[in-house]
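Text of the file structure-v4.tsv, holding TSV, C-alpha atoms:
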```
chain	number	residue	atom	x	y	z
X	1	MET	CA	46.97	25.17	36.54
X	2	LYS	CA	49.35	24.79	33.61
X	3	LEU	CA	47.69	21.53	32.65
X	4	PHE	CA	44.17	22.63	33.48
X	5	LEU	CA	43.96	25.53	31.01
X	6	PRO	CA	44.91	23.69	27.80
X	7	SER	CA	42.85	20.67	28.73
X	8	SER	CA	39.84	22.92	29.38
X	9	LEU	CA	40.32	24.49	25.98
X	10	LEU	CA	40.55	21.06	24.41
X	11	PHE	CA	37.41	20.10	26.24
X	12	LEU	CA	35.49	23.10	24.87
X	13	VAL	CA	36.64	22.48	21.30
X	14	PHE	CA	35.72	18.82	21.48
X	15	THR	CA	32.36	19.60	23.03
X	16	PHE	CA	31.63	22.06	20.22
X	17	ILE	CA	32.54	19.52	17.56
X	18	THR	CA	30.67	16.56	19.02
X	19	CYS	CA	27.51	18.46	19.94
X	20	ASN	CA	27.22	20.18	16.56
X	21	SER	CA	28.06	17.26	14.34
X	22	GLY	CA	24.53	16.84	12.95
X	23	PRO	CA	23.06	13.51	12.00
X	24	LYS	CA	25.24	10.47	11.58
X	25	ILE	CA	26.44	9.82	8.02
X	26	ILE	CA	24.95	6.50	6.94
X	27	ASP	CA	26.70	6.32	3.55
X	28	ASP	CA	28.90	8.84	1.81
X	29	LEU	CA	28.01	9.10	-1.88
X	30	SER	CA	29.94	12.35	-2.37
X	31	ASP	CA	32.74	10.58	-4.21
X	32	LYS	CA	30.36	8.56	-6.40
X	33	SER	CA	29.17	9.68	-9.79
X	34	PHE	CA	26.37	8.00	-11.71
X	35	GLU	CA	25.39	9.14	-15.19
X	36	VAL	CA	21.62	8.78	-15.35
X	37	LEU	CA	18.73	10.17	-17.39
X	38	ASN	CA	15.74	12.05	-16.09
X	39	GLN	CA	12.20	11.65	-17.44
X	40	ASN	CA	12.96	14.17	-20.18
X	41	GLY	CA	15.97	12.20	-21.41
X	42	LYS	CA	18.36	14.79	-20.00
X	43	THR	CA	21.65	13.46	-18.63
X	44	VAL	CA	22.06	13.98	-14.91
X	45	ILE	CA	25.06	13.13	-12.76
X	46	PHE	CA	23.86	11.69	-9.45
X	47	PRO	CA	24.48	12.89	-6.81
X	48	ASP	CA	26.85	15.63	-8.08
X	49	ASP	CA	24.22	17.66	-9.92
X	50	TYR	CA	22.14	17.89	-6.75
X	51	LYS	CA	24.91	18.96	-4.40
X	52	GLY	CA	23.94	22.12	-2.57
X	53	LYS	CA	20.43	20.76	-2.05
X	54	TYR	CA	18.97	18.14	0.23
X	55	VAL	CA	17.78	15.16	-1.80
X	56	VAL	CA	14.81	13.03	-0.82
X	57	ALA	CA	14.83	9.93	-3.01
X	58	GLY	CA	12.48	6.96	-3.24
X	59	PHE	CA	13.06	3.76	-5.20
X	60	ILE	CA	10.34	2.48	-7.50
X	61	TYR	CA	9.38	0.61	-10.64
X	62	THR	CA	6.42	1.74	-12.68
X	63	ASN	CA	4.85	-1.71	-13.12
X	64	CYS	CA	4.19	-1.74	-9.38
X	65	PRO	CA	0.70	-0.32	-8.83
X	66	ASP	CA	0.46	-0.53	-5.04
X	67	ILE	CA	3.64	-0.09	-2.94
X	68	CYS	CA	5.62	2.12	-5.34
X	69	PRO	CA	2.87	4.74	-5.74
X	70	LEU	CA	2.76	4.88	-1.93
X	71	VAL	CA	6.48	5.68	-1.94
X	72	THR	CA	5.91	8.40	-4.54
X	73	GLN	CA	2.93	9.75	-2.61
X	74	ASN	CA	5.08	10.01	0.53
X	75	LEU	CA	7.64	12.07	-1.39
X	76	ILE	CA	4.84	14.31	-2.68
X	77	LYS	CA	3.45	14.76	0.85
X	78	VAL	CA	6.88	15.81	2.13
X	79	GLN	CA	7.23	18.30	-0.72
X	80	LYS	CA	3.81	19.76	0.02
X	81	GLU	CA	4.58	19.98	3.76
X	82	PHE	CA	7.49	22.27	2.89
X	83	SER	CA	5.49	24.17	0.24
X	84	ASN	CA	7.80	23.04	-2.55
X	85	PRO	CA	11.13	24.36	-1.22
X	86	ASP	CA	13.98	25.26	-3.56
X	87	ASP	CA	16.64	23.62	-1.39
X	88	ILE	CA	15.12	20.12	-1.50
X	89	GLN	CA	15.20	17.94	-4.61
X	90	PHE	CA	12.80	15.01	-4.82
X	91	LEU	CA	13.71	11.93	-6.87
X	92	GLY	CA	12.04	8.70	-7.86
X	93	ILE	CA	14.76	6.32	-9.03
X	94	THR	CA	13.81	3.14	-10.86
X	95	PHE	CA	15.45	-0.21	-10.24
X	96	ASP	CA	13.80	-1.59	-13.40
X	97	PRO	CA	15.67	0.24	-16.18
X	98	LYS	CA	14.79	-2.42	-18.76
X	99	ARG	CA	11.16	-1.22	-18.80
X	100	ASP	CA	11.40	2.19	-17.16
X	101	THR	CA	12.76	4.30	-19.99
X	102	PRO	CA	12.70	8.10	-19.78
X	103	GLU	CA	9.48	8.09	-21.82
X	104	VAL	CA	7.81	5.63	-19.44
X	105	LEU	CA	8.98	7.70	-16.46
X	106	LYS	CA	7.63	10.87	-18.07
X	107	ASN	CA	4.22	9.23	-18.43
X	108	TYR	CA	4.47	7.97	-14.85
X	109	LYS	CA	5.31	11.46	-13.59
X	110	GLY	CA	2.26	12.78	-15.42
X	111	LEU	CA	0.02	10.53	-13.31
X	112	PHE	CA	0.86	12.55	-10.22
X	113	ASN	CA	0.25	16.23	-9.65
X	114	LEU	CA	3.91	17.13	-9.21
X	115	ASP	CA	5.59	20.43	-8.56
X	116	LYS	CA	9.03	21.44	-9.76
X	117	ASN	CA	12.15	19.88	-8.22
X	118	PHE	CA	10.70	16.40	-8.71
X	119	ASP	CA	12.47	14.11	-11.16
X	120	PHE	CA	12.38	10.44	-12.05
X	121	LEU	CA	15.70	8.84	-12.95
X	122	THR	CA	16.79	5.81	-14.94
X	123	ALA	CA	20.01	4.64	-16.65
X	124	ASP	CA	21.53	1.62	-18.30
X	125	SER	CA	21.24	-1.62	-16.31
X	126	THR	CA	24.87	-1.60	-15.16
X	127	THR	CA	24.70	1.95	-13.83
X	128	ILE	CA	21.40	1.30	-12.06
X	129	ALA	CA	22.82	-1.87	-10.49
X	130	GLU	CA	25.83	0.08	-9.19
X	131	LEU	CA	23.65	2.94	-7.97
X	132	MET	CA	21.28	0.57	-6.17
X	133	ASP	CA	24.24	-1.22	-4.61
X	134	SER	CA	25.61	2.06	-3.29
X	135	VAL	CA	22.30	2.95	-1.62
X	136	ARG	CA	21.70	-0.65	-0.50
X	137	VAL	CA	18.48	-1.13	-2.44
X	138	ARG	CA	17.83	-4.72	-3.48
X	139	SER	CA	15.48	-5.94	-6.19
X	140	GLN	CA	14.84	-9.24	-7.91
X	141	VAL	CA	12.27	-10.64	-10.31
X	142	SER	CA	9.73	-12.49	-8.20
X	143	PHE	CA	7.43	-14.01	-10.79
X	144	THR	CA	6.47	-13.75	-14.42
X	145	GLN	CA	3.04	-13.95	-15.99
X	146	VAL	CA	1.96	-14.32	-19.57
X	147	ARG	CA	-0.63	-11.77	-20.55
X	148	GLU	CA	-3.57	-12.50	-22.83
X	149	ASP	CA	-1.60	-10.98	-25.70
X	150	ASP	CA	1.13	-13.60	-25.06
X	151	LYS	CA	3.58	-11.01	-23.76
X	152	GLU	CA	5.42	-11.77	-20.56
X	153	VAL	CA	5.23	-9.38	-17.66
X	154	TYR	CA	7.40	-9.72	-14.59
X	155	PHE	CA	7.03	-8.45	-11.06
X	156	MET	CA	9.75	-7.64	-8.58
X	157	ASN	CA	10.49	-7.98	-4.90
X	158	HIS	CA	12.36	-4.91	-3.77
X	159	SER	CA	13.57	-2.80	-0.90
X	160	ASP	CA	10.94	-0.37	0.29
X	161	LYS	CA	13.03	2.70	0.93
X	162	ILE	CA	13.31	6.46	1.02
X	163	ILE	CA	16.64	8.16	1.72
X	164	VAL	CA	17.70	11.71	2.47
X	165	LEU	CA	21.05	13.06	1.25
X	166	ASP	CA	22.61	16.15	2.74
X	167	LYS	CA	23.94	18.99	0.61
X	168	LYS	CA	27.25	17.17	0.19
X	169	GLY	CA	25.73	14.00	-1.23
X	170	ARG	CA	25.86	11.94	1.94
X	171	ILE	CA	22.99	9.72	3.09
X	172	ILE	CA	21.87	11.01	6.48
X	173	PHE	CA	18.45	9.38	6.87
X	174	GLU	CA	16.79	6.17	5.70
X	175	TYR	CA	13.14	5.20	6.01
X	176	GLY	CA	10.76	2.44	5.02
X	177	GLY	CA	9.49	3.98	1.78
X	178	SER	CA	5.77	3.21	1.82
X	179	MET	CA	5.17	2.79	5.50
X	180	THR	CA	7.06	5.56	7.23
X	181	PRO	CA	4.85	8.31	8.62
X	182	VAL	CA	5.61	11.40	6.54
X	183	SER	CA	6.00	13.38	9.78
X	184	TYR	CA	9.27	11.51	10.49
X	185	ILE	CA	10.84	12.72	7.25
X	186	VAL	CA	9.48	16.24	7.70
X	187	GLU	CA	10.80	16.50	11.27
X	188	ASP	CA	14.26	15.23	10.28
X	189	LEU	CA	14.48	17.66	7.38
X	190	GLN	CA	13.35	20.52	9.59
X	191	THR	CA	16.11	19.63	12.05
X	192	VAL	CA	18.94	19.59	9.52
X	193	ARG	CA	17.72	22.67	7.61
X	194	ARG	CA	17.86	24.87	10.75
M	1	MET	CA	47.06	14.16	36.69
M	2	LYS	CA	44.32	16.71	36.18
M	3	ILE	CA	44.01	15.68	32.55
M	4	ALA	CA	42.50	12.27	33.34
M	5	PRO	CA	39.04	13.47	34.45
M	6	THR	CA	38.96	15.87	31.52
M	7	VAL	CA	39.63	13.04	29.07
M	8	LEU	CA	36.89	11.00	30.72
M	9	LEU	CA	34.51	13.93	30.44
M	10	ILE	CA	35.35	14.35	26.76
M	11	LEU	CA	34.70	10.67	26.13
M	12	PHE	CA	31.41	10.92	27.95
M	13	LEU	CA	30.37	13.93	25.89
M	14	TYR	CA	31.39	12.20	22.66
M	15	VAL	CA	29.11	9.30	23.48
M	16	SER	CA	26.23	11.37	24.75
M	17	CYS	CA	26.32	14.14	22.14
M	18	GLY	CA	26.94	12.01	19.04
M	19	LYS	CA	23.57	12.08	17.30
M	20	GLU	CA	22.01	8.92	15.99
M	21	PRO	CA	19.83	9.19	12.90
M	22	GLU	CA	16.29	10.08	13.86
M	23	SER	CA	15.08	7.57	11.30
M	24	LYS	CA	15.86	4.76	13.74
M	25	ARG	CA	12.26	5.24	14.89
M	26	PRO	CA	10.12	2.23	14.12
M	27	ASP	CA	8.13	2.35	10.93
M	28	ILE	CA	4.44	2.33	11.60
M	29	GLN	CA	2.14	1.49	8.75
M	30	PRO	CA	-0.28	4.42	8.55
M	31	GLU	CA	-3.86	3.26	8.56
M	32	MET	CA	-4.95	3.35	4.94
M	33	GLU	CA	-8.32	4.84	4.26
M	34	ILE	CA	-10.79	2.34	2.92
M	35	GLN	CA	-12.52	3.69	-0.13
M	36	ASN	CA	-13.55	2.67	-3.60
M	37	TRP	CA	-11.21	4.05	-6.23
M	38	ALA	CA	-8.71	3.30	-8.98
M	39	ARG	CA	-5.33	4.81	-9.75
M	40	PRO	CA	-4.64	6.79	-12.89
M	41	GLY	CA	-2.68	4.82	-15.45
M	42	VAL	CA	-1.12	4.93	-18.88
M	43	GLN	CA	-2.30	2.83	-21.82
M	44	GLY	CA	-0.35	-0.44	-21.96
M	45	GLN	CA	0.79	-0.05	-18.35
M	46	MET	CA	-0.62	-1.05	-14.95
M	47	SER	CA	-3.06	0.45	-12.54
M	48	GLY	CA	-4.45	-0.60	-9.17
M	49	ALA	CA	-7.96	-0.44	-7.78
M	50	TYR	CA	-9.43	-0.69	-4.30
M	51	PHE	CA	-12.89	-1.38	-2.87
M	52	THR	CA	-14.77	-3.12	-0.11
M	53	TYR	CA	-17.30	-5.86	-0.76
M	54	LYS	CA	-19.49	-7.39	1.96
M	55	ASN	CA	-20.77	-10.93	1.54
M	56	PRO	CA	-24.55	-10.54	2.05
M	57	LEU	CA	-25.18	-14.30	2.19
M	58	GLU	CA	-25.55	-16.56	5.20
M	59	ILE	CA	-23.03	-18.95	3.70
M	60	SER	CA	-19.41	-18.47	2.65
M	61	ASP	CA	-18.80	-17.28	-0.85
M	62	THR	CA	-15.68	-17.53	-2.98
M	63	LEU	CA	-14.33	-14.93	-5.40
M	64	VAL	CA	-13.39	-17.05	-8.39
M	65	SER	CA	-12.60	-14.46	-11.05
M	66	ILE	CA	-12.31	-10.75	-11.71
M	67	GLU	CA	-12.27	-8.79	-14.94
M	68	SER	CA	-12.40	-5.26	-16.23
M	69	PRO	CA	-13.18	-4.01	-19.74
M	70	GLN	CA	-10.46	-1.37	-19.26
M	71	ALA	CA	-7.61	-3.87	-18.88
M	72	MET	CA	-6.41	-6.80	-20.93
M	73	MET	CA	-5.78	-8.78	-17.75
M	74	THR	CA	-7.20	-8.32	-14.26
M	75	GLN	CA	-6.20	-10.11	-11.08
M	76	ILE	CA	-6.27	-9.72	-7.32
M	77	HIS	CA	-2.79	-9.29	-5.87
M	78	GLU	CA	-1.53	-8.93	-2.34
M	79	SER	CA	1.37	-6.74	-1.24
M	80	TYR	CA	3.41	-8.38	1.47
M	81	THR	CA	6.86	-8.41	3.06
M	82	THR	CA	9.09	-11.32	2.08
M	83	GLU	CA	11.10	-13.32	4.62
M	84	ASP	CA	14.20	-11.30	3.75
M	85	GLY	CA	12.43	-7.99	4.25
M	86	LEU	CA	11.64	-7.04	0.66
M	87	ALA	CA	8.34	-5.64	-0.54
M	88	GLY	CA	6.67	-8.26	-2.69
M	89	MET	CA	3.45	-8.95	-4.49
M	90	ARG	CA	1.66	-12.23	-5.17
M	91	GLU	CA	-1.52	-13.25	-6.90
M	92	LYS	CA	-4.45	-14.30	-4.73
M	93	LYS	CA	-6.88	-16.75	-6.24
M	94	GLU	CA	-10.21	-17.99	-4.95
M	95	ILE	CA	-10.63	-15.72	-1.97
M	96	ILE	CA	-13.18	-17.11	0.50
M	97	ILE	CA	-15.40	-14.60	2.30
M	98	ALA	CA	-17.27	-15.78	5.39
M	99	PRO	CA	-20.98	-14.91	5.81
M	100	GLY	CA	-21.42	-11.21	6.55
M	101	GLN	CA	-17.66	-10.57	6.29
M	102	GLU	CA	-15.98	-7.97	4.13
M	103	LEU	CA	-13.38	-8.34	1.43
M	104	VAL	CA	-11.28	-5.20	1.88
M	105	LEU	CA	-8.93	-4.10	-0.86
M	106	LYS	CA	-6.74	-1.18	0.23
M	107	GLN	CA	-3.28	0.26	-0.35
M	108	GLY	CA	-0.48	-1.92	0.96
M	109	GLY	CA	-2.67	-5.03	1.05
M	110	LEU	CA	-5.04	-6.75	-1.35
M	111	HIS	CA	-5.61	-4.80	-4.54
M	112	VAL	CA	-6.91	-5.20	-8.06
M	113	MET	CA	-4.18	-5.37	-10.68
M	114	LEU	CA	-5.32	-3.82	-13.93
M	115	MET	CA	-2.69	-4.97	-16.40
M	116	ASN	CA	-2.11	-3.69	-19.91
M	117	LEU	CA	-4.66	-0.89	-19.80
M	118	ASN	CA	-6.66	-0.41	-22.99
M	119	LYS	CA	-6.44	3.37	-22.67
M	120	ASP	CA	-5.14	6.02	-20.31
M	121	LEU	CA	-7.00	6.33	-17.02
M	122	SER	CA	-7.20	9.94	-15.90
M	123	GLU	CA	-8.69	11.63	-12.88
M	124	ASN	CA	-12.51	11.75	-13.15
M	125	ASP	CA	-12.61	8.68	-15.42
M	126	SER	CA	-14.14	5.52	-14.00
M	127	VAL	CA	-13.19	1.86	-14.08
M	128	LYS	CA	-15.62	-1.05	-14.15
M	129	VAL	CA	-14.57	-4.17	-12.26
M	130	SER	CA	-16.71	-7.32	-12.33
M	131	LEU	CA	-16.32	-9.87	-9.56
M	132	THR	CA	-17.65	-13.36	-10.03
M	133	PHE	CA	-18.44	-15.35	-6.90
M	134	SER	CA	-19.24	-19.03	-6.70
M	135	GLN	CA	-22.53	-18.44	-4.90
M	136	ILE	CA	-23.94	-15.02	-5.62
M	137	GLY	CA	-22.74	-14.71	-9.20
M	138	THR	CA	-21.31	-11.54	-10.74
M	139	THR	CA	-21.24	-8.11	-9.11
M	140	THR	CA	-19.91	-5.04	-10.92
M	141	PHE	CA	-18.26	-2.03	-9.27
M	142	THR	CA	-17.76	1.31	-10.95
M	143	LEU	CA	-14.72	2.93	-9.36
M	144	PRO	CA	-13.76	6.58	-9.79
M	145	VAL	CA	-10.19	7.27	-10.89
M	146	LYS	CA	-8.44	9.45	-8.33
M	147	ARG	CA	-4.92	10.67	-7.75
M	148	ASN	CA	-5.43	10.16	-4.01
```

Take the structure I supplied and represent it as structure tokens, if you would.
Amino acid sequence: MKLFLPSSLLFLVFTFITCNSGPKIIDDLSDKSFEVLNQNGKTVIFPDDYKGKYVVAGFIYTNCPDICPLVTQNLIKVQKEFSNPDDIQFLGITFDPKRDTPEVLKNYKGLFNLDKNFDFLTADSTTIAELMDSVRVRSQVSFTQVREDDKEVYFMNHSDKIIVLDKKGRIIFEYGGSMTPVSYIVEDLQTVRR
Amino acid sequence: MKIAPTVLLILFLYVSCGKEPESKRPDIQPEMEIQNWARPGVQGQMSGAYFTYKNPLEISDTLVSIESPQAMMTQIHESYTTEDGLAGMREKKEIIIAPGQELVLKQGGLHVMLMNLNKDLSENDSVKVSLTFSQIGTTTFTLPVKRN
């Protein structure tokens, strides 16, 4: 009996902890700090400035007219499903900072009918490379073409990805960016926001 | 000795209650709606366009070129997944369409690349795309610009 009581207590505590632990942490970005710019040229510290909110982020480059708009559209659909909630921040983060300046991202944002809490982020090449490494997004120039005005334009192979960060800046969900049914993301967010 | 089964039970609960990310579910490409349209775009940047064309001939026909007055350069590209799992894009030249078959351009697959747009493309504008085939000659589509 002397042994049974403390072990039962231990059992209850452990059960409480394990059964209420929430989703598995895929990557912890809470100790990272990336100085980036949003589409208005305003400095943002990622993910620190978004702590206290869930973050749904997709990875794009604006010279991609097919897959990357699908990623952005999926983010928009999630935002609309939740009727533009205040506790969820939506981000499109470029992996092509050479071309995707804040001005370009502002124009890109204007192509979509976006609500508040939706930003596009860029930074210097080094910062973007470190940020992409931390979220395990890969990109590489795939081929280059010379336009009729003799200017070169390059295209990129890239990870197709959307991630969800919890309020502490930890990645808790990952999805195929353009091909994941939006309902998956919505259901997962509903679960963690309860 | 009573602690042993309790420890086992705790281990069991740890394994069974530890939640895996829900996103382990397999990605399923949603069926993209087939329609004729073009994306909005910014002058000097890119846009994409989509349509379906049916070869009305009783012989195969080959798409040999494509152009648009709204873009400095127009090509057909294909989105695909590379061997190492990245999303990629490649140019498709000389697409052969069998008799009575359709050439379907839709999101996530074949699409028109409108490169270096001459002016902004906004919702309710339209884009002209001319396709030249080896047999039937040139066919022009007028595609509405939509946000989709």

- Close residues, X:Leu105 itself excluded, 8 Å, only C-alpha atoms, min 3 positions apart in chain, as a PyMOL selection string: chain X and resi 39+62+100-102+108-109+120-121

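Across the model, the gap from atom CA of X:Val137 to atom CA of X:Leu114 is 24.3 Å.
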
- Query: So which residues touch stretch 24-33 of chain X within 9 Å, counting all atoms listed in the file, skipping near sequence neighbours fewer than 5 positions away, as a ChimeraX atom specification?
  - Reply: /X:45-48,51,131,134-135,165,168-174 /M:18-21

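Minimum distance to M:Pro99 across M:Asn55, M:Thr140, M:Gln75, M:Gln70 (counting all atoms listed in the file) occurs at M:Asn55.
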
- Note on the structure: Using all atoms listed in the file, the best pick from X:Ala129, X:Tyr54, X:Asp115, X:Cys68 as closest to X:Asn84 would be X:Asp115

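Shortest atom-to-atom contact with M:Asp84 among X:Val36, X:Lys98, X:Ser139, X:Asp124: X:Ser139, counting only C-alpha atoms.
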
- Item | Selection: 10 Å around X:Ile128, all atoms listed in the file, excl. self and same-chain fewer than 4 positions, as a PyMOL selection string | chain X and resi 34-36+93-97+121-124+132-134

- Query: Residues at most 7 Å from stretch 143-156 of chain X, counting only C-alpha atoms, excluding those fewer than 3 positions away in the same chain, as a PyMOL selection string?
  - Reply: (chain X and resi 139-140) or (chain M and resi 72-73+88)

- For chain M, the closest of X:Gly92, X:Gly177, X:Gly58, X:Pro23 counting all atoms listed in the file is X:Pro23

Given the point (-11.9, -16.4, -0.6) in the coordinates of this file, which residues lie within 6 Å, counting all atoms listed in the file, and how would they look as a PDB file with C-alpha atoms, keeping the file's coordinate frame?
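After the write, part11.pdb holds the following:
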```pdb
ATOM      1  CA  THR M  62     -15.680 -17.530  -2.980  1.00  0.00           C
ATOM      2  CA  LEU M  63     -14.330 -14.930  -5.400  1.00  0.00           C
ATOM      3  CA  GLU M  94     -10.210 -17.990  -4.950  1.00  0.00           C
ATOM      4  CA  ILE M  95     -10.630 -15.720  -1.970  1.00  0.00           C
ATOM      5  CA  ILE M  96     -13.180 -17.110   0.500  1.00  0.00           C
ATOM      6  CA  ILE M  97     -15.400 -14.600   2.300  1.00  0.00           C
TER       7      ILE M  97
END
```

- Expected answer as a ChimeraX atom specification: all residues with atoms within 12 Å of (2.3, -0.7, -7.8), all atoms listed in the file: /X:59-73,108,155-158,160,178 /M:38-41,45-49,77-79,87-90,107-115

What would the file look like if the residues just selected were written as a short mmCIF file (atom, residue, chain, number, x, y, z; two decimals), in the frame of the given file with C-alpha atoms?
```cif
data_model
loop_
_atom_site.label_atom_id
_atom_site.label_comp_id
_atom_site.auth_asym_id
_atom_site.auth_seq_id
_atom_site.Cartn_x
_atom_site.Cartn_y
_atom_site.Cartn_z
CA PHE X 59 13.06 3.76 -5.20
CA ILE X 60 10.34 2.48 -7.50
CA TYR X 61 9.38 0.61 -10.64
CA THR X 62 6.42 1.74 -12.68
CA ASN X 63 4.85 -1.71 -13.12
CA CYS X 64 4.19 -1.74 -9.38
CA PRO X 65 0.70 -0.32 -8.83
CA ASP X 66 0.46 -0.53 -5.04
CA ILE X 67 3.64 -0.09 -2.94
CA CYS X 68 5.62 2.12 -5.34
CA PRO X 69 2.87 4.74 -5.74
CA LEU X 70 2.76 4.88 -1.93
CA VAL X 71 6.48 5.68 -1.94
CA THR X 72 5.91 8.40 -4.54
CA GLN X 73 2.93 9.75 -2.61
CA TYR X 108 4.47 7.97 -14.85
CA PHE X 155 7.03 -8.45 -11.06
CA MET X 156 9.75 -7.64 -8.58
CA ASN X 157 10.49 -7.98 -4.90
CA HIS X 158 12.36 -4.91 -3.77
CA ASP X 160 10.94 -0.37 0.29
CA SER X 178 5.77 3.21 1.82
CA ALA M 38 -8.71 3.30 -8.98
CA ARG M 39 -5.33 4.81 -9.75
CA PRO M 40 -4.64 6.79 -12.89
CA GLY M 41 -2.68 4.82 -15.45
CA GLN M 45 0.79 -0.05 -18.35
CA MET M 46 -0.62 -1.05 -14.95
CA SER M 47 -3.06 0.45 -12.54
CA GLY M 48 -4.45 -0.60 -9.17
CA ALA M 49 -7.96 -0.44 -7.78
CA HIS M 77 -2.79 -9.29 -5.87
CA GLU M 78 -1.53 -8.93 -2.34
CA SER M 79 1.37 -6.74 -1.24
CA ALA M 87 8.34 -5.64 -0.54
CA GLY M 88 6.67 -8.26 -2.69
CA MET M 89 3.45 -8.95 -4.49
CA ARG M 90 1.66 -12.23 -5.17
CA GLN M 107 -3.28 0.26 -0.35
CA GLY M 108 -0.48 -1.92 0.96
CA GLY M 109 -2.67 -5.03 1.05
CA LEU M 110 -5.04 -6.75 -1.35
CA HIS M 111 -5.61 -4.80 -4.54
CA VAL M 112 -6.91 -5.20 -8.06
CA MET M 113 -4.18 -5.37 -10.68
CA LEU M 114 -5.32 -3.82 -13.93
CA MET M 115 -2.69 -4.97 -16.40
#
```

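Distance check against chain M using all atoms listed in the file: of X:Phe90, X:Phe112, X:Tyr50, X:Phe82, the minimum falls on X:Phe112.
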
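With only C-alpha atoms as the atoms that count, the minimum distance from chain M to the choices X:Val141, X:Val186, X:Leu111, X:Val55 is reached by X:Leu111.
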
- Would you kindly return, as a VMD selection string, each protein, DNA or RNA residue with an atom no farther than 8 Å from any atom of M:Phe133, considering only C-alpha atoms and excluding same-chain residues fewer than 4 positions away? chain M and resid 61 to 65 137 to 138

- Message: Can you measure atom CA of M:Ile66 to atom CA of M:Ser130 for me? One decimal in Å is fine.
- Response: 5.6 Å

- Task: Would you work out the distance separating atom CA of M:Gln35 from atom CA of M:Tyr53, expressed in Å to one decimal?
- Result: 10.7 Å
